[in-house]
Amino acid sequence: MLSEILIIAIRGIAIGSIFATIAMSFNIVHGATNIFNFAQGNMFILGGFAAYFFANQTGLPWWLTMMLVSSLGIAAIVAFQGYLTLLPLRSSVEQDSWLISTVSVSVIIGALLMITQGPFAYSVSAMLPPFQLFGTRTPGAYGLAIVLMLFWFVALRLFLRKTFLGLAISALSQDFDAARAAGLPVRRLQLIAFAISGLMVGSVGFLVAPVISVNPDAGLRYVLNGFVASVVGGIGSYAGTLIGGPLVGVTAMLTAYKIGGAYQDLASLLLLVGILMLRPQGLFGRVTARRV
Amino acid sequence: MAVVEKHAAMTASGVSGRKAGRFNSDLPQVWIGIALIALTGFGPSLLGNEYWIHTFQLVNIYIGVAIFQNFLFVDAGQKSFGQGALLGMSAYGAAIVYGLNGWPLAAAAVFGIGAAMVGGLLFALPALRVQGFHLGFVTMSAAIVFPQLLVTLDKWTNGINGINVKIPFLTQERAFGLSLIGLAIAIFPMLALVTHYAIRRSRLGRSMFVAALSPEAARALGIRPGVMRFIAFLIAAVGTGVAGLLYLPAVVFVSPQGFNIEMSFIFFFAVVVGGRGQMLGPVVGIWIVYILPNILLAQFIEYRLLAYGCLTLLAVMIFPDGIVGSLERLRARRRSTGGGEKAFRIDNFLADLDRRSLTSRPQDEVIVEVIGGTKKFGEVVAIDSVNLKVRKGEVHGLIGANGSGKTSLLNVLTGLSRLTKGSFKINGIDATTMAADRISTMGLGRTFQTPRIFPQMSLWDNLRIGLDARTENPSAEVAALAARLEEAVGEDSAALLSHGQRRLVEVMRTVLKEASIVLLDEPAAGLSQSERQHFAELVRFLSRKMGKTVIVVEHDLDLVWNIADTITVLEQGKVVASGAPVAVAKDPAVQHMFVGARHA
């Protein structure tokens, strides 16, 4: 009984770490642009497909090389997507076209994967060996997912606080107009934020591919769960995602175990609606001053 | 329509040779839309081709759903990716009750619409608290979960096998190749279009639109944006529910795959491609997004989703107004180059009120009182234990440097933000914890630093939302004023108004609202010298002729000293001086303010 709870907790936290990383990748783009990239889930799945096509059952050096190459490739794709998304915002009075363009990019990627790969789930062989935890074999990628979440959390924190580039991006999220007035190259910084978010989901998608379902439909589920993690933790809060992600992951695992796997997405949806109703700023979000 | 004609007559004989066109083409678009829907609704039946009958029945149902999506998208400003799921909920609700359990059709109809409304509630409840992309994720998530549940709950839904429902009574041919359901399906999108138009022209529709465009402005007008979003989601759910009821007998089969997220995307993309907010948009959008890939390119059916995505991305990048919207813009441009927009002048309209002999004076009664008010944003103290008394009928100037807490105080008084400590009363009633809309209905009106003028609405509608904000009938004078405004600017656009004129429109809005207390946030900023002069007279008019209490936050000290009966000086959130202008000017605590300002 106790070991069951532990297994649910570990797997839930591991899956939740993936959601948390997606939520962090939302944060960096949202901070710099006020845009929520609906295509982020499909970018993540692209990482999984990259692992399947370029690094399935290969040796470690090749695997690592391909991980770097495909992460950078996905970063470039997301940066290009960001460029397209920001283009109409330059002149238009109406500033919510991003919602339409990111959703349509998400649909385009999903459709392209569907056309070329079919509606099948691809399994990717594990690079890391499984490890023993509380008497059960746990796939190595689960451990890796947690490590990656912590890695990206620390990396982003250092980047945003210690480097000039990171500080400039943080400045965007605090006061857009002031940043522009101070002469920061706003558009370029925004594209860098997009690229970083692509690098994050691309690398994580590649590395955890053995434990996720790599299929053209999966992207939407990851983007939604990533968003729920972001809302639970409080939008914009990096520390919040460390709690929000695992919370969503454990909820999903618990639902799968107690009620049935088919109800996982329903549980996430109800969690999202519940949080939005009761505490829309999230568990760790702050109510900020309103500008009128 | 009488108004338009009268207006046309007036300008033709008077001001210039400008041909007065409509502000927008909503009404003609409704008529064209009805004609097009009639074509797809009745045409195939007359020709008697089964394939086309079936296909265009589906097209018409989709047009109906897209019309409600359009309403939700633009009039209420909410992006939903879950309308297809609502359609499915209704169709499935009816199929389960009628097809699996053999209940009567009427029960199936009630159950179907009820199911769609429950789904709508799932969207509408969070809408009370949040908006925008949050709801995008909620609706998208629901669209993903819905077909999953249909499969899982197979005990009730027949799972992956779906439900076959034949209702011969409805599908039997009656006359001209038309069945009862065929008739209903032809008429439904027409009714949807008329409903959308009627809502848009109503007070509810305008309130929704303002809430979508500027929640602060809406709240200052007594509108609760959350409630507006809630109502909009429910209206769309009911409309989509009706579509679901028609879907069932027309398609005779429901299955989980039929209501996957792809279907929801069709409606969303159709609205974008057709033209967001245009009455005709959903009709054209469904024609392009649905008919093009499904009928003309039927052999490339697997590329359908890709085509939707690319079309929509292209639309956002290249023609963001959509097809109908781009045409409408051409029309509007032709119209506005005809003679230019008239300037909006307020004087003539106020002349009637001016003739009143009434000259009001500031009274001793205190109408707004702040007691020990403190407002903190985190560590920053914006207002620091402020005590303030505003007498009824006076012009009260609030001055101070940037960041001294003037606008924060104004936001507290209008309920847009809440005091951390202390309290305030309006008309003797404690309003410390009241929501902005409640305070607004107590007779408060305000303007904003950047005027909240909406170019998407006609000039008259921009004014009219002030009239809408009233809780009781307008006085005879204001009613007459409104009638004259409507006649003069009924179809004018607000897009080309100068900054100064926008201010006047905002002030006029509070006049129409008959707000007894008017708060002006930096009204003179961005006005020319003569406009300032003019504005000063207007403020005096509001106070002396109309008996309003005016609280004005302003940097232009000359202006304030000219018009104010009382001046309160704020410095770093604290009141440093307060009293009659003459007395305050001599106060040593504020002397330094003049040195710079007078010579600036």
# chains A, B, ... in the order shown; residues from 1 in each chain; ligands from 1
$ residues_around --residues "segment 193-207 of chain A" --least-positions-apart "4" --cutoff "9 Å" --atoms "only C-alpha atoms" --output "NGL selection string"
:A and (18 or 21-22 or 24-33 or 40-41 or 43-52 or 67-68 or 70-83 or 127 or 141 or 144-145 or 148-149 or 152 or 169 or 188-189 or 212)
$ closest_atom_pairs --of "chain B" --to "chain A" --cutoff "7 Å" --atoms "only C-alpha atoms" --output "tab-separated table"
residue	atom	partner	partner_atom	distance
B:Pro126	CA	A:Met277	CA	5.3
B:Arg129	CA	A:Met277	CA	6.2
B:Val130	CA	A:Leu276	CA	6.9
B:Phe137	CA	A:Leu224	CA	6.5
B:Val138	CA	A:Leu269	CA	6.8
B:Ser141	CA	A:Leu269	CA	6.2
B:Ala142	CA	A:Leu269	CA	7.0
B:Val145	CA	A:Leu266	CA	5.8
B:Gln148	CA	A:Ala262	CA	6.7
B:Thr152	CA	A:Ala262	CA	6.6
B:Glu302	CA	A:Ile115	CA	6.9
B:Leu305	CA	A:Ala111	CA	5.9
B:Leu306	CA	A:Ile108	CA	5.2
B:Gly309	CA	A:Ser104	CA	4.7
B:Cys310	CA	A:Ile108	CA	6.7
B:Thr312	CA	A:Ser104	CA	6.4
B:Leu313	CA	A:Ser101	CA	5.4
B:Val316	CA	A:Ser101	CA	6.6
B:Met317	CA	A:Pro88	CA	6.0
B:Phe377	CA	A:Ala289	CA	6.2
$ atom_distance --atom1 "atom CA of Leu86 of chain B" --atom2 "atom CA of Ala115 of chain B"
8.0 Å
$ select_by_dssp --residues "segment 52-185 of chain B" --states "strand (DSSP E)" --output "mmCIF file with N, CA and C atoms, in the first residue's frame"
data_model
loop_
_atom_site.group_PDB
_atom_site.id
_atom_site.type_symbol
_atom_site.label_atom_id
_atom_site.label_comp_id
_atom_site.auth_asym_id
_atom_site.auth_seq_id
_atom_site.Cartn_x
_atom_site.Cartn_y
_atom_site.Cartn_z
ATOM 1 N N ILE B 163 -24.173 6.260 -31.720
ATOM 2 C CA ILE B 163 -25.610 6.011 -31.622
ATOM 3 C C ILE B 163 -26.264 6.344 -32.957
ATOM 4 N N ASN B 164 -27.068 5.406 -33.432
ATOM 5 C CA ASN B 164 -27.838 5.647 -34.651
ATOM 6 C C ASN B 164 -29.214 6.175 -34.276
ATOM 7 N N GLU B 173 -39.780 13.672 -46.669
ATOM 8 C CA GLU B 173 -39.956 14.802 -47.573
ATOM 9 C C GLU B 173 -41.405 15.296 -47.538
ATOM 10 N N ARG B 174 -41.574 16.613 -47.416
ATOM 11 C CA ARG B 174 -42.936 17.162 -47.310
ATOM 12 C C ARG B 174 -43.357 17.884 -48.589
ATOM 13 N N ALA B 175 -42.594 18.898 -48.964
ATOM 14 C CA ALA B 175 -42.942 19.644 -50.183
ATOM 15 C C ALA B 175 -41.676 20.235 -50.783
ATOM 16 N N LEU B 178 -38.383 19.254 -49.557
ATOM 17 C CA LEU B 178 -37.930 19.718 -48.254
ATOM 18 C C LEU B 178 -38.597 18.904 -47.145
ATOM 19 N N SER B 179 -37.803 18.501 -46.172
ATOM 20 C CA SER B 179 -38.364 17.839 -44.990
ATOM 21 C C SER B 179 -38.505 18.874 -43.882
#
$ atom_distance --atom1 "atom CA of Lys392 of chain B" --atom2 "atom CA of Ser360 of chain B"
10.0 Å
$ atom_distance --atom1 "atom CA of Ile199 of chain B" --atom2 "atom CA of Ala332 of chain B"
22.7 Å
$ residues_around --residues "Ser475 of chain B" --least-positions-apart "3" --cutoff "12 Å" --atoms "only C-alpha atoms" --output "MDAnalysis selection string"
chainID B and resid 353 467 470:472 478:482 511:514
$ write_last_selection --atoms "C-alpha atoms" --output "mmCIF file, in the first residue's frame"
data_model
loop_
_atom_site.group_PDB
_atom_site.id
_atom_site.type_symbol
_atom_site.label_atom_id
_atom_site.label_comp_id
_atom_site.auth_asym_id
_atom_site.auth_seq_id
_atom_site.Cartn_x
_atom_site.Cartn_y
_atom_site.Cartn_z
ATOM 1 C CA LEU B 353 -29.149 72.958 -20.572
ATOM 2 C CA LEU B 467 -27.089 56.359 -21.258
ATOM 3 C CA ARG B 470 -28.312 54.498 -15.991
ATOM 4 C CA THR B 471 -30.476 52.584 -13.575
ATOM 5 C CA GLU B 472 -33.506 54.827 -13.940
ATOM 6 C CA VAL B 478 -30.957 64.419 -20.911
ATOM 7 C CA ALA B 479 -33.434 62.469 -23.014
ATOM 8 C CA ALA B 480 -33.756 65.434 -25.348
ATOM 9 C CA LEU B 481 -29.995 65.857 -25.415
ATOM 10 C CA ALA B 482 -29.581 62.169 -26.280
ATOM 11 C CA VAL B 511 -23.467 63.768 -18.665
ATOM 12 C CA LEU B 512 -25.709 61.209 -20.329
ATOM 13 C CA LYS B 513 -25.180 58.908 -17.384
ATOM 14 C CA GLU B 514 -26.304 61.841 -15.202
#
$ select_by_dssp --residues "segment 405-527 of chain B" --states "alpha helix (DSSP H)" --output "VMD selection string"
chain B and resid 406 to 413 436 to 441 459 to 468 476 to 489 499 to 513
$ write_last_selection --atoms "N, CA and C atoms" --output "compact mmCIF listing (two decimals), in the first residue's frame"
# COMPACT_ATOMS: atom_id res chain seq x y z
N LYS B 406 -2.36 60.56 -6.76
CA LYS B 406 -3.62 61.13 -7.23
C LYS B 406 -4.49 60.10 -7.94
N THR B 407 -3.88 59.47 -8.93
CA THR B 407 -4.66 58.49 -9.70
C THR B 407 -5.01 57.27 -8.84
N SER B 408 -4.10 56.89 -7.94
CA SER B 408 -4.41 55.79 -7.02
C SER B 408 -5.65 56.11 -6.21
N LEU B 409 -5.74 57.38 -5.75
CA LEU B 409 -6.89 57.79 -4.97
C LEU B 409 -8.16 57.73 -5.82
N LEU B 410 -8.03 58.18 -7.06
CA LEU B 410 -9.17 58.16 -7.97
C LEU B 410 -9.63 56.72 -8.20
N ASN B 411 -8.67 55.82 -8.37
CA ASN B 411 -9.02 54.42 -8.59
C ASN B 411 -9.69 53.80 -7.37
N VAL B 412 -9.27 54.24 -6.19
CA VAL B 412 -9.93 53.76 -4.97
C VAL B 412 -11.37 54.28 -4.94
N LEU B 413 -11.54 55.55 -5.24
CA LEU B 413 -12.88 56.14 -5.17
C LEU B 413 -13.84 55.50 -6.18
N ALA B 436 -16.60 48.23 -8.23
CA ALA B 436 -16.66 49.41 -9.09
C ALA B 436 -18.05 49.62 -9.68
N ASP B 437 -18.69 48.52 -10.08
CA ASP B 437 -20.00 48.69 -10.73
C ASP B 437 -21.06 49.19 -9.73
N ARG B 438 -20.95 48.75 -8.47
CA ARG B 438 -21.88 49.25 -7.46
C ARG B 438 -21.69 50.74 -7.24
N ILE B 439 -20.41 51.13 -7.11
CA ILE B 439 -20.12 52.54 -6.89
C ILE B 439 -20.64 53.36 -8.06
N SER B 440 -20.46 52.82 -9.25
CA SER B 440 -20.92 53.53 -10.44
C SER B 440 -22.42 53.79 -10.38
N THR B 441 -23.16 52.79 -9.92
CA THR B 441 -24.61 52.98 -9.89
C THR B 441 -25.03 53.94 -8.78
N LEU B 459 -19.73 56.68 -33.11
CA LEU B 459 -19.62 57.76 -32.14
C LEU B 459 -20.85 57.77 -31.23
N TRP B 460 -22.00 57.59 -31.83
CA TRP B 460 -23.22 57.61 -31.03
C TRP B 460 -23.23 56.47 -30.01
N ASP B 461 -22.81 55.29 -30.43
CA ASP B 461 -22.77 54.18 -29.48
C ASP B 461 -21.76 54.45 -28.37
N ASN B 462 -20.66 55.13 -28.74
CA ASN B 462 -19.69 55.51 -27.72
C ASN B 462 -20.31 56.40 -26.65
N LEU B 463 -21.23 57.26 -27.07
CA LEU B 463 -21.91 58.13 -26.12
C LEU B 463 -23.01 57.38 -25.40
N ARG B 464 -23.67 56.55 -26.17
CA ARG B 464 -24.86 55.90 -25.69
C ARG B 464 -24.60 54.97 -24.50
N ILE B 465 -23.38 54.43 -24.43
CA ILE B 465 -23.09 53.55 -23.31
C ILE B 465 -23.19 54.30 -21.99
N GLY B 466 -23.08 55.62 -22.03
CA GLY B 466 -23.33 56.41 -20.82
C GLY B 466 -24.80 56.34 -20.45
N LEU B 467 -25.64 56.44 -21.46
CA LEU B 467 -27.09 56.36 -21.26
C LEU B 467 -27.47 54.96 -20.76
N ASP B 468 -26.77 53.95 -21.33
CA ASP B 468 -27.04 52.56 -20.93
C ASP B 468 -26.73 52.33 -19.45
N ALA B 476 -35.92 64.61 -18.54
CA ALA B 476 -36.40 65.10 -19.83
C ALA B 476 -35.27 65.79 -20.60
N GLU B 477 -34.47 66.54 -19.88
CA GLU B 477 -33.39 67.28 -20.55
C GLU B 477 -32.36 66.35 -21.17
N VAL B 478 -31.97 65.34 -20.40
CA VAL B 478 -30.96 64.42 -20.91
C VAL B 478 -31.54 63.58 -22.05
N ALA B 479 -32.80 63.22 -21.93
CA ALA B 479 -33.43 62.47 -23.01
C ALA B 479 -33.43 63.29 -24.29
N ALA B 480 -33.74 64.57 -24.17
CA ALA B 480 -33.76 65.43 -25.35
C ALA B 480 -32.34 65.58 -25.92
N LEU B 481 -31.39 65.74 -25.00
CA LEU B 481 -30.00 65.86 -25.42
C LEU B 481 -29.56 64.60 -26.18
N ALA B 482 -29.94 63.43 -25.64
CA ALA B 482 -29.58 62.17 -26.28
C ALA B 482 -30.18 62.09 -27.67
N ALA B 483 -31.44 62.49 -27.79
CA ALA B 483 -32.11 62.42 -29.09
C ALA B 483 -31.38 63.30 -30.09
N ARG B 484 -30.97 64.48 -29.65
CA ARG B 484 -30.30 65.37 -30.60
C ARG B 484 -28.92 64.86 -30.98
N LEU B 485 -28.25 64.27 -30.00
CA LEU B 485 -26.94 63.68 -30.31
C LEU B 485 -27.08 62.56 -31.33
N GLU B 486 -28.08 61.73 -31.11
CA GLU B 486 -28.27 60.60 -32.01
C GLU B 486 -28.52 61.09 -33.43
N GLU B 487 -29.32 62.13 -33.50
CA GLU B 487 -29.65 62.65 -34.83
C GLU B 487 -28.41 63.21 -35.52
N ALA B 488 -27.57 63.87 -34.72
CA ALA B 488 -26.44 64.57 -35.33
C ALA B 488 -25.28 63.63 -35.66
N VAL B 489 -24.99 62.70 -34.76
CA VAL B 489 -23.78 61.89 -34.97
C VAL B 489 -24.09 60.41 -35.11
N HIS B 499 -7.62 63.85 -29.93
CA HIS B 499 -7.52 63.53 -28.51
C HIS B 499 -8.45 64.40 -27.67
N GLY B 500 -8.46 65.68 -27.98
CA GLY B 500 -9.30 66.61 -27.22
C GLY B 500 -10.77 66.27 -27.36
N GLN B 501 -11.15 65.90 -28.56
CA GLN B 501 -12.55 65.57 -28.79
C GLN B 501 -12.93 64.28 -28.09
N ARG B 502 -11.98 63.36 -28.03
CA ARG B 502 -12.25 62.12 -27.30
C ARG B 502 -12.56 62.40 -25.84
N ARG B 503 -11.82 63.35 -25.28
CA ARG B 503 -12.09 63.75 -23.90
C ARG B 503 -13.53 64.25 -23.77
N LEU B 504 -13.92 65.08 -24.74
CA LEU B 504 -15.27 65.64 -24.66
C LEU B 504 -16.31 64.53 -24.75
N VAL B 505 -16.04 63.56 -25.60
CA VAL B 505 -16.99 62.44 -25.73
C VAL B 505 -17.11 61.72 -24.38
N GLU B 506 -15.96 61.54 -23.73
CA GLU B 506 -15.99 60.85 -22.44
C GLU B 506 -16.77 61.66 -21.40
N VAL B 507 -16.57 62.97 -21.43
CA VAL B 507 -17.31 63.82 -20.48
C VAL B 507 -18.80 63.75 -20.80
N MET B 508 -19.11 63.81 -22.09
CA MET B 508 -20.51 63.76 -22.50
C MET B 508 -21.15 62.45 -22.04
N ARG B 509 -20.35 61.41 -22.04
CA ARG B 509 -20.84 60.12 -21.56
C ARG B 509 -21.31 60.23 -20.10
N THR B 510 -20.53 60.91 -19.29
CA THR B 510 -20.93 61.05 -17.88
C THR B 510 -22.14 61.97 -17.75
N VAL B 511 -22.27 62.92 -18.68
CA VAL B 511 -23.47 63.77 -18.66
C VAL B 511 -24.70 62.92 -18.96
N LEU B 512 -24.57 62.07 -19.97
CA LEU B 512 -25.71 61.21 -20.33
C LEU B 512 -26.01 60.21 -19.21
N LYS B 513 -24.99 59.82 -18.51
CA LYS B 513 -25.18 58.91 -17.38
C LYS B 513 -25.83 59.65 -16.22
$ residues_around --residues "Leu242 of chain A" --least-positions-apart "2" --cutoff "9 Å" --atoms "only C-alpha atoms" --output "VMD selection string"
chain A and resid 16 to 17 20 to 21 24 149 to 150 153 229 233 238 to 240 244 to 247
$ residues_around --residues "Gly241 of chain B" --least-positions-apart "3" --cutoff "7 Å" --atoms "only C-alpha atoms" --output "list in words"
Leu86, Leu87, Ser90, Gly112, Ile113, Ala116, Ala237, Val238, Gly244 and Leu245 of chain B
$ closest_residue --among "A:Asn37, A:Ala209, A:Phe151, A:Ile8" --to "Phe53 of chain A" --atoms "only C-alpha atoms"
A:Ala209
